[in-house]
Structures are given as structure tokens and as C-alpha cells.
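Structure file my_file-v1.txt (compact mmCIF, C-alpha atoms) follows.
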# COMPACT_ATOMS: atom_id res chain seq x y z
CA MET A 1 81.83 88.03 136.69
CA SER A 2 79.12 85.57 135.81
CA VAL A 3 78.10 83.04 138.40
CA VAL A 4 78.89 80.21 136.04
CA ALA A 5 82.55 81.09 136.33
CA GLY A 6 82.09 81.95 139.99
CA ALA A 7 85.78 81.80 140.79
CA ASP A 8 86.04 85.19 142.43
CA LEU A 9 82.95 84.91 144.59
CA ASP A 10 83.48 84.42 148.29
CA ALA A 11 82.59 80.96 149.50
CA GLU A 12 79.95 82.63 151.67
CA LEU A 13 78.24 84.31 148.73
CA ARG A 14 78.33 81.45 146.28
CA PRO A 15 75.39 79.54 147.83
CA MET A 16 73.35 82.77 147.83
CA VAL A 17 73.89 83.26 144.11
CA ALA A 18 73.16 79.59 143.41
CA HIS A 19 69.97 79.94 145.45
CA ALA A 20 69.01 82.99 143.37
CA TRP A 21 69.43 80.98 140.14
CA GLN A 22 67.14 78.30 141.59
CA VAL A 23 64.54 80.91 142.50
CA LEU A 24 64.64 82.46 139.03
CA ALA A 25 64.23 79.03 137.44
CA GLY A 26 60.74 79.23 138.96
CA VAL A 27 59.90 82.70 137.58
CA SER A 28 57.77 82.37 134.45
CA ASP A 29 57.67 84.54 131.38
CA PRO A 30 54.41 86.49 131.80
CA GLU A 31 53.28 85.93 128.21
CA ILE A 32 54.47 82.32 127.80
CA PRO A 33 54.03 80.97 131.33
CA VAL A 34 55.41 77.49 130.58
CA ILE A 35 58.94 78.78 130.20
CA SER A 36 61.06 80.33 132.95
CA VAL A 37 63.10 83.47 132.52
CA VAL A 38 66.22 81.30 132.94
CA ASP A 39 65.16 78.82 130.22
CA LEU A 40 64.31 81.78 127.98
CA GLY A 41 67.95 82.87 128.28
CA ILE A 42 67.26 86.46 129.29
CA VAL A 43 68.95 86.27 132.71
CA ARG A 44 72.55 86.89 131.73
CA SER A 45 74.25 86.91 135.12
CA ILE A 46 73.70 87.15 138.85
CA THR A 47 76.43 88.86 140.83
CA THR A 48 76.81 90.27 144.31
CA ALA A 49 76.89 94.00 144.85
CA ALA A 50 77.11 96.26 147.90
CA HIS A 51 73.39 96.18 148.65
CA GLY A 52 72.44 92.67 147.57
CA LEU A 53 72.33 90.81 144.31
CA GLU A 54 72.54 92.34 140.87
CA VAL A 55 70.61 90.49 138.19
CA ARG A 56 71.47 91.38 134.60
CA VAL A 57 68.56 90.86 132.25
CA THR A 58 68.44 91.38 128.48
CA PRO A 59 65.17 92.09 126.66
CA THR A 60 63.92 89.71 123.98
CA TYR A 61 62.53 92.56 121.85
CA ALA A 62 63.39 96.18 122.64
CA GLY A 63 59.75 97.24 122.75
CA CYS A 64 58.39 94.15 124.47
CA PRO A 65 55.90 95.33 127.12
CA ALA A 66 56.54 92.23 129.24
CA THR A 67 60.01 93.52 130.13
CA HIS A 68 58.81 95.57 133.09
CA VAL A 69 56.61 92.79 134.42
CA ILE A 70 59.57 90.42 134.22
CA GLU A 71 61.76 92.82 136.21
CA ALA A 72 59.12 93.21 138.91
CA ASP A 73 58.53 89.44 139.05
CA ILE A 74 62.26 88.75 139.46
CA ILE A 75 62.61 91.23 142.31
CA ALA A 76 59.45 89.94 144.03
CA ALA A 77 60.48 86.27 143.74
CA LEU A 78 63.95 86.96 145.13
CA ALA A 79 62.50 89.11 147.95
CA ALA A 80 60.12 86.28 148.86
CA ALA A 81 63.19 84.03 149.15
CA GLY A 82 64.86 86.58 151.42
CA LEU A 83 67.23 87.93 148.77
CA ALA A 84 67.49 91.65 148.08
CA ALA A 85 68.23 92.33 144.43
CA ARG A 86 68.16 94.91 141.74
CA VAL A 87 67.72 94.33 138.03
CA VAL A 88 70.04 95.89 135.48
CA THR A 89 69.04 95.84 131.82
CA THR A 90 71.83 94.97 129.45
CA LEU A 91 71.60 95.19 125.66
CA SER A 92 74.87 93.73 124.51
CA PRO A 93 75.27 91.08 123.34
CA ALA A 94 71.75 91.14 121.90
CA TRP A 95 69.46 88.32 122.92
CA SER A 96 69.19 85.37 120.58
CA THR A 97 66.69 82.52 120.48
CA ASP A 98 69.79 80.28 120.47
CA TRP A 99 69.94 81.04 124.20
CA ILE A 100 66.66 79.25 124.88
CA SER A 101 67.62 76.08 126.75
CA VAL A 102 66.93 72.55 125.51
CA HIS A 103 64.51 72.20 128.40
CA GLY A 104 62.85 75.47 127.38
CA ARG A 105 62.44 74.32 123.78
CA ALA A 106 60.79 71.11 124.94
CA ARG A 107 58.42 73.07 127.19
CA LEU A 108 57.46 75.39 124.31
CA LYS A 109 56.64 72.43 122.07
CA GLU A 110 54.54 70.75 124.78
CA TYR A 111 52.64 74.03 125.15
CA GLY A 112 51.88 74.12 121.42
CA ILE A 113 54.49 76.67 120.31
CA ALA A 114 56.96 75.46 117.70
CA PRO A 115 60.44 76.24 119.07
CA PRO A 116 62.67 78.53 116.98
CA GLY A 117 64.73 76.93 114.23
CA GLN A 118 68.42 77.47 114.79
CA ASP A 119 69.28 77.51 111.11
CA ALA A 120 66.25 79.49 110.05
CA VAL A 121 67.29 83.11 109.91
CA ASP A 122 70.24 85.04 108.68
CA ALA A 123 69.80 88.44 110.28
CA ASP A 124 72.77 89.84 108.36
CA SER A 125 71.27 89.28 104.94
CA GLY A 126 67.92 90.78 105.90
CA CYS A 127 64.75 89.73 104.15
CA ARG A 128 66.31 87.61 101.45
CA SER A 129 67.32 84.91 103.89
CA GLN A 130 66.73 81.23 103.38
CA SER A 131 64.18 81.25 106.17
CA LEU A 132 61.49 82.17 103.66
CA GLN A 133 61.70 78.52 102.67
CA PHE A 134 61.84 77.29 106.26
CA TYR A 135 58.83 75.38 107.53
CA PRO A 136 58.71 74.60 111.25
CA ALA A 137 57.32 71.25 112.34
CA CYS A 138 53.80 71.28 113.72
CA PRO A 139 54.02 71.03 117.54
CA GLN A 140 50.86 68.89 117.56
CA CYS A 141 51.54 66.21 114.92
CA ASN A 142 55.21 66.90 113.98
CA SER A 143 54.38 67.24 110.29
CA LYS A 144 56.66 69.57 108.34
CA ASN A 145 53.85 70.21 105.89
CA THR A 146 53.09 73.66 107.31
CA GLU A 147 52.51 77.15 105.95
CA ARG A 148 52.98 80.64 107.29
CA LEU A 149 49.79 82.61 107.86
CA SER A 150 51.42 85.74 109.20
CA GLN A 151 54.93 86.77 110.05
CA PHE A 152 53.71 88.50 113.21
CA GLY A 153 51.61 86.94 115.95
CA SER A 154 50.09 87.57 119.34
CA THR A 155 53.40 88.69 120.89
CA PRO A 156 56.51 90.27 119.32
CA CYS A 157 58.42 86.99 119.52
CA LYS A 158 55.98 84.79 117.59
CA SER A 159 54.59 84.30 114.10
CA LEU A 160 51.48 82.41 113.05
CA TYR A 161 51.56 79.14 111.09
CA ARG A 162 49.09 76.46 110.05
CA CYS A 163 49.66 72.71 109.79
CA LEU A 164 48.39 71.34 106.48
CA ALA A 165 48.42 67.76 107.84
CA CYS A 166 46.34 68.14 111.01
CA ARG A 167 44.84 71.54 110.06
CA GLU A 168 45.73 73.09 113.44
CA PRO A 169 47.03 76.65 113.53
CA PHE A 170 50.04 77.17 115.77
CA ASP A 171 52.49 79.81 116.98
CA TYR A 172 56.11 79.65 115.88
CA PHE A 173 58.74 81.26 118.09
CA LYS A 174 60.61 83.44 115.59
CA PRO A 175 64.36 82.87 115.41
CA LEU A 176 66.20 86.05 116.37
CA MET B 1 58.30 103.74 132.53
CA VAL B 2 62.08 104.10 132.57
CA ALA B 3 63.87 100.80 132.98
CA ALA B 4 66.95 100.52 135.12
CA MET B 5 69.06 100.95 132.03
CA ALA B 6 72.77 100.28 132.08
CA THR B 7 73.93 103.72 131.09
CA ARG B 8 77.39 104.40 129.90
CA VAL B 9 78.07 107.96 130.84
CA ALA B 10 80.46 109.64 128.47
CA THR B 11 83.82 110.21 130.01
CA LYS B 12 84.48 113.31 127.95
CA THR B 13 82.11 116.06 126.99
CA THR B 14 79.49 114.92 124.53
CA SER B 15 79.27 117.05 121.40
CA PRO B 16 75.91 118.65 120.54
CA GLU B 17 76.12 116.87 117.18
CA HIS B 18 76.32 113.52 118.94
CA ILE B 19 73.07 114.21 120.81
CA ASP B 20 71.47 115.62 117.67
CA TYR B 21 72.40 112.47 115.77
CA LEU B 22 70.84 110.22 118.42
CA LEU B 23 67.68 112.35 118.33
CA ARG B 24 67.48 111.94 114.55
CA LEU B 25 67.57 108.18 114.88
CA GLY B 26 65.29 108.01 117.92
CA ASP B 27 62.76 110.52 116.60
CA SER B 28 62.56 108.80 113.22
CA SER B 29 61.75 105.49 114.92
CA LEU B 30 59.28 107.14 117.29
CA VAL B 31 57.38 109.06 114.63
CA LEU B 32 57.15 106.13 112.24
CA GLY B 33 56.09 103.92 115.17
CA GLN B 34 53.30 106.41 115.89
CA ARG B 35 52.20 106.40 112.23
CA LEU B 36 52.14 102.60 112.07
CA ALA B 37 50.26 102.40 115.37
CA GLU B 38 47.45 104.36 113.69
CA TRP B 39 46.63 101.11 111.88
CA THR B 40 45.78 99.34 115.14
CA GLY B 41 42.15 98.29 114.81
CA HIS B 42 42.05 99.48 111.18
CA GLY B 43 44.25 96.98 109.37
CA PRO B 44 43.05 95.57 106.04
CA VAL B 45 42.92 92.05 107.53
CA LEU B 46 43.35 90.82 111.09
CA GLU B 47 46.84 89.38 110.52
CA GLU B 48 48.08 92.66 109.08
CA ASP B 49 46.50 94.64 111.89
CA ILE B 50 48.53 92.53 114.32
CA ALA B 51 51.65 92.71 112.18
CA MET B 52 51.55 96.50 111.98
CA ALA B 53 51.00 96.81 115.74
CA ASN B 54 54.01 94.53 116.31
CA ILE B 55 56.22 96.53 113.97
CA ALA B 56 55.07 99.79 115.57
CA LEU B 57 55.99 98.36 118.96
CA ASP B 58 59.48 97.48 117.74
CA PHE B 59 59.97 101.02 116.42
CA ILE B 60 58.85 102.49 119.72
CA GLY B 61 61.25 100.09 121.45
CA GLN B 62 64.11 101.45 119.32
CA ALA B 63 63.00 105.00 120.11
CA ARG B 64 62.96 104.34 123.86
CA LEU B 65 66.54 103.08 123.85
CA LEU B 66 67.82 105.88 121.61
CA LEU B 67 66.01 108.71 123.39
CA THR B 68 67.00 107.40 126.83
CA HIS B 69 70.61 107.36 125.66
CA ALA B 70 70.35 110.87 124.17
CA GLY B 71 68.83 112.18 127.41
CA ASN B 72 71.58 110.60 129.51
CA LEU B 73 74.35 112.07 127.36
CA GLU B 74 72.66 115.45 127.31
CA GLY B 75 72.74 115.50 131.11
CA LYS B 76 69.82 117.87 131.56
CA GLY B 77 67.61 115.35 133.30
CA ARG B 78 65.39 114.68 130.27
CA ASN B 79 64.28 111.07 130.07
CA GLU B 80 62.59 109.30 127.15
CA ASP B 81 59.16 110.63 128.17
CA ALA B 82 60.33 114.23 128.45
CA LEU B 83 61.88 113.97 124.99
CA ALA B 84 58.91 112.23 123.37
CA TYR B 85 56.06 114.20 124.91
CA PHE B 86 57.37 117.64 125.82
CA ARG B 87 59.22 118.83 122.76
CA ASP B 88 57.52 120.76 119.96
CA ALA B 89 57.85 120.03 116.26
CA ARG B 90 60.90 122.24 115.69
CA ALA B 91 62.86 120.26 118.28
CA PHE B 92 62.12 116.92 116.60
CA ARG B 93 64.86 115.59 114.35
CA ASN B 94 63.09 112.77 112.47
CA VAL B 95 63.38 112.59 108.71
CA THR B 96 60.26 113.93 106.99
CA LEU B 97 59.59 110.54 105.35
CA CYS B 98 58.45 109.14 108.71
CA GLU B 99 55.84 111.82 109.46
CA LEU B 100 53.95 111.66 106.14
CA PRO B 101 50.34 110.55 106.71
CA ASN B 102 49.32 106.96 105.96
CA SER B 103 46.85 108.28 103.43
CA GLY B 104 49.68 109.46 101.19
CA ILE B 105 50.71 113.00 100.45
CA ALA B 106 48.15 113.81 97.79
CA LYS B 107 45.16 113.14 99.99
CA GLY B 108 46.52 114.82 103.13
CA HIS B 109 45.63 114.56 106.79
CA GLY B 110 42.52 112.80 108.02
CA GLN B 111 41.82 110.99 104.74
CA SER B 112 41.45 107.24 104.46
CA ALA B 113 44.74 105.44 104.92
CA ASP B 114 46.43 103.57 102.08
CA TYR B 115 48.12 100.29 102.92
CA ALA B 116 50.28 100.43 99.80
CA PHE B 117 51.70 103.79 100.95
CA THR B 118 52.40 102.37 104.41
CA VAL B 119 54.06 99.23 103.06
CA VAL B 120 56.22 101.00 100.49
CA ARG B 121 57.37 103.56 103.08
CA ASN B 122 58.33 100.69 105.38
CA LEU B 123 60.29 99.09 102.54
CA LEU B 124 62.25 102.28 101.85
CA PHE B 125 62.85 103.08 105.51
CA CYS B 126 63.65 99.55 106.69
CA ALA B 127 66.08 99.02 103.80
CA TRP B 128 67.83 102.19 105.01
CA GLN B 129 67.80 101.02 108.62
CA THR B 130 69.31 97.70 107.52
CA GLN B 131 72.34 99.59 106.16
CA LEU B 132 72.38 101.98 109.11
CA TRP B 133 72.41 99.37 111.88
CA ALA B 134 75.13 97.37 110.13
CA ALA B 135 77.33 100.49 110.09
CA LEU B 136 76.46 101.64 113.62
CA ALA B 137 77.17 98.24 115.15
CA GLN B 138 80.82 99.40 114.92
CA SER B 139 80.11 102.80 116.53
CA ALA B 140 82.62 104.25 119.00
CA ASP B 141 79.56 105.00 121.15
CA ALA B 142 79.25 101.59 122.82
CA GLU B 143 75.61 102.07 123.82
CA LEU B 144 74.67 103.09 120.27
CA ALA B 145 76.54 100.06 118.93
CA ALA B 146 74.56 97.80 121.28
CA ILE B 147 71.25 99.38 120.25
CA ALA B 148 72.19 98.96 116.57
CA ALA B 149 73.10 95.29 116.98
CA LYS B 150 69.84 94.65 118.82
CA SER B 151 67.72 96.56 116.31
CA ALA B 152 69.32 94.93 113.28
CA LYS B 153 67.72 91.61 114.13
CA GLU B 154 64.25 93.13 114.42
CA THR B 155 64.68 95.24 111.28
CA ALA B 156 65.37 92.07 109.25
CA TYR B 157 61.81 90.98 110.04
CA HIS B 158 60.33 94.41 109.25
CA LEU B 159 62.11 94.52 105.91
CA ARG B 160 60.94 91.04 105.02
CA HIS B 161 57.35 91.98 105.83
CA ALA B 162 57.51 95.13 103.71
CA SER B 163 59.24 93.25 100.88
CA ASP B 164 56.64 90.46 100.84
CA TRP B 165 53.79 92.95 100.57
CA THR B 166 55.50 95.20 98.06
CA ILE B 167 55.97 92.16 95.80
CA ARG B 168 52.37 91.09 96.37
CA PHE B 169 51.03 94.55 95.51
CA GLY B 170 53.39 95.25 92.62
CA ASP B 171 52.99 91.83 91.04
CA GLY B 172 49.30 91.55 91.96
CA THR B 173 46.26 93.03 90.28
CA PRO B 174 46.37 96.12 88.04
CA ALA B 175 44.74 98.09 90.88
CA SER B 176 47.27 97.00 93.53
CA HIS B 177 50.16 97.58 91.11
CA GLU B 178 48.95 101.09 90.33
CA ARG B 179 48.60 102.02 94.00
CA ALA B 180 52.03 100.60 94.90
CA GLN B 181 53.65 102.48 92.01
CA ALA B 182 51.85 105.70 92.98
CA ALA B 183 53.07 105.29 96.57
CA LEU B 184 56.61 104.71 95.36
CA ASP B 185 56.48 107.78 93.12
CA GLN B 186 55.27 109.95 96.00
CA LEU B 187 57.71 108.59 98.56
CA MET B 188 60.96 108.31 96.64
CA PRO B 189 61.81 112.06 96.70
CA TYR B 190 61.65 111.96 100.50
CA THR B 191 64.40 109.33 100.63
CA ASN B 192 66.90 111.95 99.40
CA GLU B 193 67.07 113.29 102.95
CA LEU B 194 68.34 109.93 104.23
CA PHE B 195 71.47 110.23 102.09
CA ALA B 196 72.11 113.98 102.25
CA THR B 197 75.20 114.21 104.47
CA ASP B 198 75.22 117.41 106.50
CA ALA B 199 77.43 119.04 109.15
CA VAL B 200 76.00 116.96 112.00
CA GLU B 201 76.80 113.71 110.20
CA GLU B 202 80.29 114.93 109.28
CA VAL B 203 81.08 115.55 112.96
CA VAL B 204 79.75 112.21 114.23
CA ALA B 205 81.32 110.30 111.34
CA ALA B 206 84.72 111.90 111.99
CA ALA B 207 84.40 110.84 115.65
CA GLY B 208 83.56 107.25 114.66
CA ILE B 209 80.15 107.57 116.31
CA GLY B 210 77.88 107.84 113.31
CA VAL B 211 77.86 107.39 109.57
CA ARG B 212 77.56 109.80 106.64
CA GLY B 213 74.19 109.36 104.98
CA ALA B 214 75.77 109.26 101.53
CA GLU B 215 77.74 106.14 102.47
CA LEU B 216 74.54 104.16 102.92
CA HIS B 217 73.10 104.92 99.51
CA ALA B 218 74.66 102.22 97.33
CA GLY B 219 73.71 99.36 99.65
CA TRP B 220 70.21 100.76 100.12
CA LYS B 221 69.64 101.16 96.41
CA SER B 222 70.61 97.60 95.57
CA LEU B 223 68.35 96.23 98.33
CA VAL B 224 65.38 98.29 97.12
CA GLN B 225 66.06 97.66 93.44
CA ALA B 226 66.02 93.88 93.97
CA ILE B 227 62.55 94.07 95.55
CA LEU B 228 61.24 96.44 92.87
CA ASP B 229 62.48 94.10 90.14
CA GLU B 230 60.57 91.24 91.72
CA SER B 231 57.51 93.49 92.14
CA ALA B 232 57.46 94.69 88.52
CA LEU B 233 57.57 98.22 89.95
CA LYS B 234 59.66 100.96 88.34
CA MET B 235 62.26 102.92 90.27
CA PRO B 236 61.17 106.57 89.82
CA VAL B 237 63.60 108.92 88.13
CA ALA B 238 65.86 110.74 90.58
CA SER B 239 64.53 114.00 91.94
CA ALA B 240 66.34 117.00 93.42
CA PHE B 241 63.73 117.47 96.13
CA GLN B 242 65.17 117.77 99.64
CA SER B 243 63.08 117.45 102.76
CA THR B 244 64.56 118.87 105.96
CA GLY B 245 63.01 117.08 108.94
CA LYS B 246 66.37 116.05 110.38
CA SER B 247 67.19 119.73 110.82
CA GLY B 248 63.88 120.33 112.61
CA ILE B 249 62.02 121.86 109.67
CA HIS B 250 59.05 119.60 109.12
CA SER B 251 56.09 119.16 106.80
CA GLU B 252 52.60 120.42 107.62
CA HIS B 253 51.72 116.90 108.83
CA MET B 254 54.04 116.92 111.84
CA ASP B 255 51.96 119.06 114.21
CA TYR B 256 48.86 116.91 113.71
CA LEU B 257 50.88 113.83 114.57
CA LEU B 258 52.38 115.39 117.69
CA ILE B 259 49.04 116.72 118.93
CA GLU B 260 47.65 113.22 118.90
CA MET B 261 50.78 111.59 120.34
CA GLN B 262 51.42 114.16 123.08
CA SER B 263 47.95 115.28 124.16
CA VAL B 264 47.43 112.85 127.04
CA ALA B 265 50.89 113.37 128.52
CA ARG B 266 50.47 117.15 128.29
CA GLN B 267 47.00 117.20 129.82
CA HIS B 268 48.23 115.12 132.75
CA PRO B 269 51.91 116.01 133.21
CA GLY B 270 53.73 113.66 135.55
CA ALA B 271 50.80 111.22 135.69
CA GLN B 272 51.61 107.62 136.54
CA TRP B 273 49.61 104.67 135.24
Just give me the structure of the file as C-alpha cells.
Amino acid sequence: MSVVAGADLDAELRPMVAHAWQVLAGVSDPEIPVISVVDLGIVRSITTAAHGLEVRVTPTYAGCPATHVIEADIIAALAAAGLAARVVTTLSPAWSTDWISVHGRARLKEYGIAPPGQDAVDADSGCRSQSLQFYPACPQCNSKNTERLSQFGSTPCKSLYRCLACREPFDYFKPL
Amino acid sequence: MVAAMATRVATKTTSPEHIDYLLRLGDSSLVLGQRLAEWTGHGPVLEEDIAMANIALDFIGQARLLLTHAGNLEGKGRNEDALAYFRDARAFRNVTLCELPNSGIAKGHGQSADYAFTVVRNLLFCAWQTQLWAALAQSADAELAAIAAKSAKETAYHLRHASDWTIRFGDGTPASHERAQAALDQLMPYTNELFATDAVEEVVAAAGIGVRGAELHAGWKSLVQAILDESALKMPVASAFQSTGKSGIHSEHMDYLLIEMQSVARQHPGAQW
């Protein structure tokens, strides 16, 4: 019963759910504050339940320590807007970087993080994927002449690259 | 620290084997996560320090999901923390491979850690997890299937990291090659346990919940062999050695690991921070 479909919501409740989506569009990811939890694609649905709204959220990485902060931020932002809500964690289907919105990708690039390549990883084939040959464009100068410094970066969702054209190091949002 | 997790309570009675199987998977991830976290602040270079902390975090994330699920099915009110911090070694079901010290077996506890040993263990374990998650994504236990599908994506990155470094060590200097080969020779006998199907696995496999260890062997071997070929490392000859961690009978290294992992929680039971 996702709000996007919305067909079986009462006319009275529909504006409340739409309002909640607006509020969450203003809730930032705690580790990458330029992107909202909605643009990140982790808010899967907002529905109405007996005691207020139910927000279904999926984690980016299972062990990501930001998950609890995100839950608390969502509840606090909705409460400030006069909406009682609870957060339910949902694992399936597993989050994918393909769910990051076009707006979110643009915001990441402006912030200096190369957005995830959509053709870069084949999770099914494991380590022997083509992505070993994938070079993200530098978010500063757009050169594709880049190299990987480390597969793991400052947060679980990023790896560390360097641009060989402008010499700037940059984070790359790992495709998942 | 328990998230408001969407729990799927079993509609029929959960078998003890089902819970045991989840503990095997969750404990293996937890214990290896603890071992890898020992590198935090001690990595050979900064990037690898960060990488190992990230991988450890992912393993602990897997463990949280699996242990939470096991505790819910068990129905005795044990959450992830109760299972991680208040069981003793005999109640842990991780495979022995995961508890071996980072220094390697020969040197024993408290000796200087060996990155080649850590990397080669990750290669062997993550190649196994790659096969495991692919099989469990079809599990009749819907929560386990969801955890497997989620974990598979992260494991692809762990395996790639371990593969890259195994190739670099094996095909590197004579010294790095020798250490990688020595690590492989020490570790390979402990992989037998991953593929030794026992009564627990027979029950969960028959119920469509889990998979027989033996069924994962062919896929695992071809994954590992491909990396060894590229590394110029030799697959050790097969050994009859059987470790028994998944039945709760652990090596001498397990208690040291648990003392470190559990001491704070046990000194301050119920503490919130």
C-alpha cells in the first residue's frame, strides 16, 4: 500500500501522507548531508496505521551506524510537523544505488562525491565483475582519467578515488 | 540498539535445527567481524585500516540481522545483544575458521598479526559466503532470504577486496608470496568444516530453509581456484582435518576472543550508551 499508488487511502488521509513525504524530503542523511533520505531511496513507503503514520525504511548497508540516527531524525521531523509516526525497518527488496533519484545524484556530484555508476557492478558474479575496469568521472573536472586508491572509504557506501587530470582525490558512491 | 525490525514470526513451531542454523551463520559473521575489527588502528596502511574496519562493520551488520532473527524465532526473549554478549564459547556456533587469531595458527594468541593470514581467510570465507547467500536467497524462511539477498551485495565487495590482495601478495615479492602461501596452507584444512554436511544441515535443507554444506563446495572451489591461479599460489593438497566450531566445540582461541568482545557488556549488564 505505497503512497504512490494511494488508491485505497481515504481522501482525508492522503494529504497527511503527502505532507509526510514533503517533510522527509527535508530530512538529510547524517553522513552525507546534501542528500535527503527520500533522494537516497531508503524511504520505501509511508502508510497510515492505527496510531499514526508508518514509515518503512530500508538500510543502505546492514551494519551502517547511521541507520539509528536516520530513524530518530525521521520521527523527530514528522513530530515537529505534527505527525505521529513509527519507523519500520524492511530488508526486502534490498536497497540499491539505482534508487538514488536523479536529483540526488546531481546533489552528490555538486558536493564532490561521484554518483554511483549504474552499469558498474554485477553483484551476482562477485569480484570478477567488469567494474574493476570502471572509472568514475571526477566530480570536480569531469575527467574519466581516474584511479582507485581504495575500495573502502570514510563510510560503508563510498570508495576512494583520485583524478589523474586535476589531481584531486574524491569519494565515489559505490554501486550496490 | 535493537531496531524496530519487521519480524516475521513463524506460524508453526520453529525447529531447534532452524535456530541452530541461524546461529551458525550469525555467529560466524560476528566472530570474524570481531577478528577483523582488531585491525582498527593497526592496519598496514591507512586505506587498509579503513577497509578492514568497513568490512568488519558489514560482518557485524550481518550478525545483527541473523541473531535478531534467531532470537525472535527462539521466543525466549533473547535479542541480538543477549546472544552476542551473554553466551559462553560452547553455545557459539561459528565455524572455527572465523575464530583463528590474525597472527596465524603457528604463532598463537597475542602475537603480531599477519595481514596475509587475514586476507587469505577473507578470501576463503567470502568465497563461501558468495555461494551461501546465492542459495539462501531462495530460502523458505522469508527473513533469512531477505538477509541473504542484502548480504550478497556486500559480500561481492568483500570478496573483491580479498581477491585483489591475495593476487597482490601471491604475485608480488618472494616474501609476500611465501607468507600468502603459508597462510593458505594453514587455513585450508579449516575450510573442510564449511562443507561437512551434518544433521542440522540435513534438517534445514529438507525444510527448504538452509543448504547442505557439501552442495556449496564445487562453486566455492572454482571461485578460489581462479584467484589462486592468478596469484601463482598453489592449492594445498586436501586434508582430512575436521574442525567442529559449528557444533560448539571450539579451538583454544575462542575464549580469548569472547573475553575481549564480551567484557564491557558483562561488567555493566543492561547499560545504555
Considering all atoms listed in the file, return as a PyMOL selection string whatever protein or nucleic-acid residues lie within 8 Å of segment 82-88 of chain B, sequence-local ones (same chain, fewer than 3 positions apart) excluded. chain B and resi 27+30+67+71+78-79+91-92+258+261-262+265-266
Need the neighbours of (46.7, 105.6, 108.5): which residues are at most 8 Å away, counting all atoms listed in the file, as a PDB file with C-alpha atoms, in the coordinates of the input?
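Listing of selection.pdb after writing:
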ATOM      1  CA  ARG B  35      52.200 106.400 112.230  1.00  0.00           C
ATOM      2  CA  LEU B  36      52.140 102.600 112.070  1.00  0.00           C
ATOM      3  CA  GLU B  38      47.450 104.360 113.690  1.00  0.00           C
ATOM      4  CA  TRP B  39      46.630 101.110 111.880  1.00  0.00           C
ATOM      5  CA  PRO B 101      50.340 110.550 106.710  1.00  0.00           C
ATOM      6  CA  ASN B 102      49.320 106.960 105.960  1.00  0.00           C
ATOM      7  CA  SER B 103      46.850 108.280 103.430  1.00  0.00           C
ATOM      8  CA  SER B 112      41.450 107.240 104.460  1.00  0.00           C
ATOM      9  CA  ALA B 113      44.740 105.440 104.920  1.00  0.00           C
ATOM     10  CA  ASP B 114      46.430 103.570 102.080  1.00  0.00           C
ATOM     11  CA  TYR B 115      48.120 100.290 102.920  1.00  0.00           C
ATOM     12  CA  THR B 118      52.400 102.370 104.410  1.00  0.00           C
TER      13      THR B 118
END
One decimal, in Å: what's the spacing between atom CA of Thr90 of chain A and atom CA of Trp133 of chain B?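 Separating atom CA of Thr90 of chain A from atom CA of Trp133 of chain B is a distance of 18.1 Å.
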Could you work out how far atom CA of Lys174 of chain A lies from atom CA of Ser151 of chain B, giving the answer in Å with one decimal?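 Pair atom CA of Ser151 of chain B / atom CA of Lys174 of chain A returns 14.9 Å.
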Within 9 Å of chain A: residues of chain B, using all atoms listed in the file, as a PyMOL selection string: chain B and resi 1+3-6+47-48+50-52+54-65+127+130+134+143+145-147+149-161+163-164
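Each of B:Leu132, B:Gly41, B:Leu73, B:Ser231 was checked against Asp171 of chain B using only C-alpha atoms; the smallest atom-to-atom distance is that of B:Ser231.
The two atoms in question, atom CA of Ile227 of chain B and atom CA of Lys246 of chain B, are spaced 26.8 Å apart.
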Identify which of the residues A:Pro30, A:Ala72, A:Val17, A:Gly112 lies closest to Ile46 of chain A, counting all atoms listed in the file when measuring atom-to-atom distances. A:Val17
From the list A:Ser101, A:Thr58, A:Thr146, A:Gln140, which residue is nearest Val38 of chain A when using only C-alpha atoms? A:Ser101
Please provide the set of residues having any atom within 8 Å of Gln181 of chain B, restricted to all atoms listed in the file, with same-chain residues fewer than 3 positions apart removed, written as a PyMOL selection string. chain B and resi 170+177-178+184-185+233-234
From the options A:Pro169, A:Pro136, A:Gly104, A:Pro116, which residue's atoms come nearest to Asp39 of chain A, counting only C-alpha atoms? A:Gly104
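Each of A:Leu78, A:Ala106, A:Ile113, A:Val69 was checked against Glu54 of chain A using all atoms listed in the file; the smallest atom-to-atom distance is that of A:Leu78.
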Provide an axis-aligned box for all listed atoms of segment 93-96 of chain A, padding each side by 6 Å; report its centre and its edge lengths in Å to one decimal, as JSON.
{"center_x": 72.2, "center_y": 88.3, "center_z": 122.0, "size_x": 18.1, "size_y": 17.8, "size_z": 14.8}
